[in-house]
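Novice: Mind having a look at this structure? Questions to follow.
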Amino acid sequence: MTDAPEPLHRALGLTDSELEDIRSVLGREPNHLELALYGVMWSEHCSYKSSRLHLKRLPTEGPNVLVGPGENAGVMDAGDGIAVAIRIESHNHPSAIEPYQGAATGVGGILRDVFTMGARPLAVMDPLFFGELTDARQRWLLEGVVSGISGYGNSVGVPTIGGELTFDDCYAANPLVNVLCTGALPVDRLVLGIASGVGNLAVLLGSSTGRDGIGGVSVLASAGFAGEDGAASLDDAKRPSVQVGDPYEEKRLIEACLELLDRGLVVGIQDLGGAGLVCATSETAARGRVGMDVDVSAVPLREAGMQPYEIMTSESQERMLAIVTPEGWPAVAELCAKWEVRATVVGRVVEPSVGADGSSVGMLRIRDGFDGPILAEVPAKSLADDAPLYDRPRRRPLDFDTIAADDPTEMQPRGNPNDDLLAMLVDPAWVYRQYDSQLFLNTVVGPGRDAALLRLAGPGLPASQRGIALSTDSNPRWCALDPRQGTAATLAEGVANLACVGATAIAVVNCLNFGNPEHPEVMWQLSESIDGMGEACRALGLPVIGGNVSLYNESGGRDIDPTPVLGLLGLVERLVSPPPGWGYAEGDSIVLLGTRAATSGYPHPLGGTRWATMHGRRGGRLGTFSFEEFARTTRFVAETVAAACAGEPALFTAVHDVSRGGLGVALAEMASVAGVGIRAHSVASHQELFTELPGRFVVATKDPENVLSAAAAAGVTASVIGVASGQELAIDSLISLSLATIRSRHSGSLRAALDAVG
């Protein structure tokens, strides 16, 4: 006896109850093509059916918000007639299967999200997460992902200006590849992905359609990998779900689309990302409250014999859907021919139908020929907006209190603190040196610093002396202990990073990477993390203008640690001079700004720190901190550095945020860059040396009295903790390391790990 075949709707990722919902929407039994359309559009990746309920709690409005969540990218008014678009996305599951193409097409997709708003992409950032590099597969994944990002970004001509690099065993089977992009546009060029105007044409721009990427978002992003050791991630059956990118096609597409927008030849425009043509047509029709007829026989194909469901759901890259008037079509075709971009009419905007209750219903009809038979007919809104909304069960982990009770705060140093400090020095330069970070010549501060800083300039933009700053931040160690407080502290970390380059934070985007939402503990983590983000944003006056949720990051029943990645956008009002870096000179005073953990009653200074984790202690609690005090400190740093950016005499000769690894790592990193040692004092213990309390900064100055006076006037705690001198980092009786040892370890540890054999 053979097992009965799996019902088609289940094979497409739809549950039995979702099938009943579809029957109710249509008033009949769906055909196979219609089921395929719902299968991809109601997938977790496209519909956010497990997270929408919680995301609604985030603050999304603000005085400078032009476009918030729900469009391809968020858009902020940056002043001087310039708007800034920003978006962050994940390409985790494709990158686990085929690291080069998974990462490359992640870059391509995020670029399209930005230029579909009318913005020229200016910069990319790449937060990356892998297992420990002692494993050969992790080294293969890292090298493949970095090659994919550099191969695509460098070729398309958009600089990669920063990111993150995290190694932890929880990512061994589920690497995370997140990509952020920002771009700029004249405010009056802003365009939305809306289909309007009955009789207007839906024009497919760019690459031909193949079988690469079919079902990618539903097959990969809505199911974890089954292998106990991650080997199942490499199953050949999953490889067709990974898209294949062509950066040169993307470059031509960018230029063609921006010229179309400049000449006013498009009514609306939308990229073809997750779920391909069905996503672009249903979303634009739903936003415009119109119907759309799509002719699958008109779609240019690169493979013979493709079925309608394959054509509609393929995620082939470098494609856009433009809505144009019939009168404008000849000019569109001519312009696209100039840029060598394929342009094909594949659909028409049609009148909405009248529903049984007399309401207007915009129908998406898939036809074989514009006047041929209807292959599928479904309400566009039911695909784009009306996916089921689940309030999945949530449960605080049963071992939460046990883990919290394992507080490493009283743990004494094991061995030599010098060795601990050296072990935490990892310079990601091997990664970012493979990226071109200076394309457009707008990069003022590039990879390797607290935040990246760009001149707000580019072709077609009004003249401006403003600058924009970007950071991406995460801390899965914090969020594993307390997702609410950990996410709030992570957002604070991003605001502090921007302050180091003189920028004031103005907006947040997020990429929420979590495990299986069918596990109640994971849904509790997600809900708590969103609330922590919301609380921090409200405390600091920041809107969340977009984001992405990546779920089912699990393998063999093991979920990744909660990993919210927060992208921060900051603004510098006048950028005519670069901000201070990490370098300082012999004789400069070293000043610590912000709360002293040792004297403030900060209750759990070592919970969630790199130092404790390195010694096998992943438990404990996170200490609370005051957002009011944090805001005063970051404002003081941002305003002081911004004055230097505006050309005023610099009060700081160097500035660095105290973050991962604590004060010890911050001092070592600065010494490594400066080439001058530090003699530090007043560091009470290894707890103060390695705590990661947010909102502290190390600054160097030639005028310590002025710094202390200005800090006091701003209500900021400040203390001189040392002097720049010699060729050694000496921190009380805790640390004594030669500069040569620090620089060798800092610059060579990542390359040495990648060169390991076995």
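Please note that chains go A, B, ... in the order of the structure tokens, that every chain numbers its residues from 1, and that ligands are numbered from 1 in the order shown.
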Please list as a PDB file with N, CA and C atoms, in the first residue's frame every residue within 9 Å of segment 358-364 of chain A, counting only C-alpha atoms and excluding residues in the same chain fewer than 2 positions away.

Specialist:
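Saved the output as part_6.pdb:
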ATOM      1  N   VAL A 278       3.001  37.897  -9.505  1.00  0.00           N
ATOM      2  CA  VAL A 278       1.717  37.917  -8.800  1.00  0.00           C
ATOM      3  C   VAL A 278       1.744  38.941  -7.674  1.00  0.00           C
ATOM      4  N   THR A 281       1.650  42.640  -9.390  1.00  0.00           N
ATOM      5  CA  THR A 281       0.364  42.987  -9.997  1.00  0.00           C
ATOM      6  C   THR A 281      -0.741  43.095  -8.955  1.00  0.00           C
ATOM      7  N   SER A 282      -0.789  42.164  -8.013  1.00  0.00           N
ATOM      8  CA  SER A 282      -1.866  42.218  -7.012  1.00  0.00           C
ATOM      9  C   SER A 282      -1.685  43.391  -6.066  1.00  0.00           C
ATOM     10  N   ALA A 285      -2.497  46.744  -7.921  1.00  0.00           N
ATOM     11  CA  ALA A 285      -3.937  46.832  -8.170  1.00  0.00           C
ATOM     12  C   ALA A 285      -4.698  47.081  -6.876  1.00  0.00           C
ATOM     13  N   ALA A 286      -4.303  46.383  -5.802  1.00  0.00           N
ATOM     14  CA  ALA A 286      -5.002  46.554  -4.529  1.00  0.00           C
ATOM     15  C   ALA A 286      -4.837  47.972  -3.997  1.00  0.00           C
ATOM     16  N   GLY A 288      -4.388  50.660  -5.721  1.00  0.00           N
ATOM     17  CA  GLY A 288      -5.153  51.570  -6.564  1.00  0.00           C
ATOM     18  C   GLY A 288      -6.636  51.269  -6.605  1.00  0.00           C
ATOM     19  N   ARG A 289      -7.062  50.175  -5.945  1.00  0.00           N
ATOM     20  CA  ARG A 289      -8.464  49.769  -5.912  1.00  0.00           C
ATOM     21  C   ARG A 289      -9.028  49.598  -7.316  1.00  0.00           C
ATOM     22  N   VAL A 290      -8.208  48.952  -8.154  1.00  0.00           N
ATOM     23  CA  VAL A 290      -8.610  48.681  -9.533  1.00  0.00           C
ATOM     24  C   VAL A 290      -8.395  47.204  -9.813  1.00  0.00           C
ATOM     25  N   GLY A 291      -8.843  46.771 -10.963  1.00  0.00           N
ATOM     26  CA  GLY A 291      -8.564  45.423 -11.413  1.00  0.00           C
ATOM     27  C   GLY A 291      -7.390  45.413 -12.365  1.00  0.00           C
ATOM     28  N   MET A 292      -6.877  44.221 -12.644  1.00  0.00           N
ATOM     29  CA  MET A 292      -5.778  44.104 -13.605  1.00  0.00           C
ATOM     30  C   MET A 292      -5.881  42.772 -14.330  1.00  0.00           C
ATOM     31  N   ASP A 293      -5.767  42.849 -15.646  1.00  0.00           N
ATOM     32  CA  ASP A 293      -5.680  41.656 -16.474  1.00  0.00           C
ATOM     33  C   ASP A 293      -4.224  41.434 -16.852  1.00  0.00           C
ATOM     34  N   VAL A 294      -3.742  40.217 -16.673  1.00  0.00           N
ATOM     35  CA  VAL A 294      -2.350  39.881 -16.966  1.00  0.00           C
ATOM     36  C   VAL A 294      -2.324  38.766 -18.003  1.00  0.00           C
ATOM     37  N   VAL A 350      -7.917  47.578 -15.353  1.00  0.00           N
ATOM     38  CA  VAL A 350      -9.318  47.453 -15.757  1.00  0.00           C
ATOM     39  C   VAL A 350     -10.222  47.934 -14.629  1.00  0.00           C
ATOM     40  N   GLU A 351     -11.478  48.174 -14.991  1.00  0.00           N
ATOM     41  CA  GLU A 351     -12.471  48.608 -14.006  1.00  0.00           C
ATOM     42  C   GLU A 351     -12.645  47.527 -12.940  1.00  0.00           C
ATOM     43  N   PRO A 352     -12.841  47.942 -11.689  1.00  0.00           N
ATOM     44  CA  PRO A 352     -13.170  46.935 -10.678  1.00  0.00           C
ATOM     45  C   PRO A 352     -14.543  46.341 -10.945  1.00  0.00           C
ATOM     46  N   SER A 353     -14.730  45.130 -10.481  1.00  0.00           N
ATOM     47  CA  SER A 353     -16.023  44.463 -10.617  1.00  0.00           C
ATOM     48  C   SER A 353     -16.925  44.860  -9.457  1.00  0.00           C
ATOM     49  N   VAL A 354     -18.179  44.520  -9.581  1.00  0.00           N
ATOM     50  CA  VAL A 354     -19.147  44.782  -8.518  1.00  0.00           C
ATOM     51  C   VAL A 354     -19.407  43.483  -7.774  1.00  0.00           C
ATOM     52  N   GLY A 355     -19.146  43.496  -6.471  1.00  0.00           N
ATOM     53  CA  GLY A 355     -19.332  42.306  -5.669  1.00  0.00           C
ATOM     54  C   GLY A 355     -20.792  42.003  -5.414  1.00  0.00           C
ATOM     55  N   ALA A 356     -21.039  40.852  -4.792  1.00  0.00           N
ATOM     56  CA  ALA A 356     -22.406  40.420  -4.508  1.00  0.00           C
ATOM     57  C   ALA A 356     -23.129  41.409  -3.603  1.00  0.00           C
ATOM     58  N   ILE A 366      -5.729  36.328 -14.609  1.00  0.00           N
ATOM     59  CA  ILE A 366      -4.607  35.785 -15.375  1.00  0.00           C
ATOM     60  C   ILE A 366      -5.180  35.169 -16.638  1.00  0.00           C
ATOM     61  N   ALA A 376      -7.161  32.285 -14.211  1.00  0.00           N
ATOM     62  CA  ALA A 376      -7.368  32.483 -12.774  1.00  0.00           C
ATOM     63  C   ALA A 376      -8.026  33.837 -12.590  1.00  0.00           C
ATOM     64  N   GLU A 377      -8.895  33.936 -11.578  1.00  0.00           N
ATOM     65  CA  GLU A 377      -9.582  35.197 -11.308  1.00  0.00           C
ATOM     66  C   GLU A 377      -9.810  35.295  -9.809  1.00  0.00           C
ATOM     67  N   VAL A 378      -9.101  36.225  -9.168  1.00  0.00           N
ATOM     68  CA  VAL A 378      -9.187  36.358  -7.712  1.00  0.00           C
ATOM     69  C   VAL A 378      -9.184  37.848  -7.350  1.00  0.00           C
ATOM     70  N   PRO A 379      -9.818  38.240  -6.258  1.00  0.00           N
ATOM     71  CA  PRO A 379      -9.725  39.630  -5.809  1.00  0.00           C
ATOM     72  C   PRO A 379      -8.275  39.988  -5.468  1.00  0.00           C
ATOM     73  N   ALA A 380      -7.776  41.065  -6.076  1.00  0.00           N
ATOM     74  CA  ALA A 380      -6.380  41.457  -5.837  1.00  0.00           C
ATOM     75  C   ALA A 380      -6.126  41.722  -4.363  1.00  0.00           C
ATOM     76  N   LYS A 381      -7.087  42.352  -3.697  1.00  0.00           N
ATOM     77  CA  LYS A 381      -6.918  42.677  -2.281  1.00  0.00           C
ATOM     78  C   LYS A 381      -6.812  41.423  -1.425  1.00  0.00           C
TER      79      LYS A 381
END

Novice: For Val426 of chain A, find every residue with an atom within 12 Å (counting only C-alpha atoms), except residues of its own chain fewer than 5 positions away, and show them as a ChimeraX atom specification.

Specialist: /A:164-167,421,431,448,660-661,665-666,668-669,672,742-753

Novice: List every residue of segment 223-464 of chain A that DSSP, applied to the backbone of this structure, assigns to helix (DSSP H, G or I), and report them as JSON, numbers by chain.

Specialist: {"A": [231, 232, 233, 234, 236, 237, 238, 239, 240, 241, 247, 248, 249, 250, 251, 252, 253, 254, 255, 256, 257, 258, 259, 260, 261, 262, 276, 277, 278, 279, 280, 281, 282, 283, 284, 285, 286, 287, 288, 296, 297, 298, 308, 309, 310, 311, 312, 313, 329, 330, 331, 332, 333, 334, 335, 336, 337, 338, 380, 381, 382, 383, 384, 400, 401, 402, 403, 404, 405, 408, 409, 410, 417, 418, 419, 420, 421, 422, 423, 429, 430, 431, 432, 439, 440, 441]}

Novice: Please identify which residues in segment 665-702 of chain A DSSP calls strand (DSSP E or B) from the backbone, and express them as a list of chain:residue names.

Specialist: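 Those residues are A:Ile678, A:Arg679, A:Ala680, A:Phe697, A:Val698, A:Val699, A:Ala700, A:Thr701.
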
Novice: With a distance cut-off of 10 Å and only C-alpha atoms, select the neighbouring residues of Asp262 of chain A, excluding the residue or stretch itself and same-chain residues fewer than 4 positions from it, and output the selection as a list in words.

Specialist: Gly118, Pro186, Asp188, Arg189, Ala256, Cys257, Leu258, Val266 and Gly460 of chain A

Novice: Skipping near chain neighbours, those fewer than 4 positions away, what residues fall within 6 Å of Ser437 of chain A using only C-alpha atoms, listed as a list in words?

Specialist: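 Residues meeting the cut-off are Pro159, Thr160 and Ile161 of chain A.
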
Novice: By how many Å are atom CA of Gly372 of chain A and atom CA of Gly347 of chain A apart?

Specialist: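 It comes out at 12.6 Å.
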
Novice: Between atom CA of Gln243 of chain A and atom CA of Val146 of chain A, what is the distance in Å, rounded to a tenth?

Specialist: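 Going from atom CA of Gln243 of chain A over to atom CA of Val146 of chain A covers 16.8 Å.
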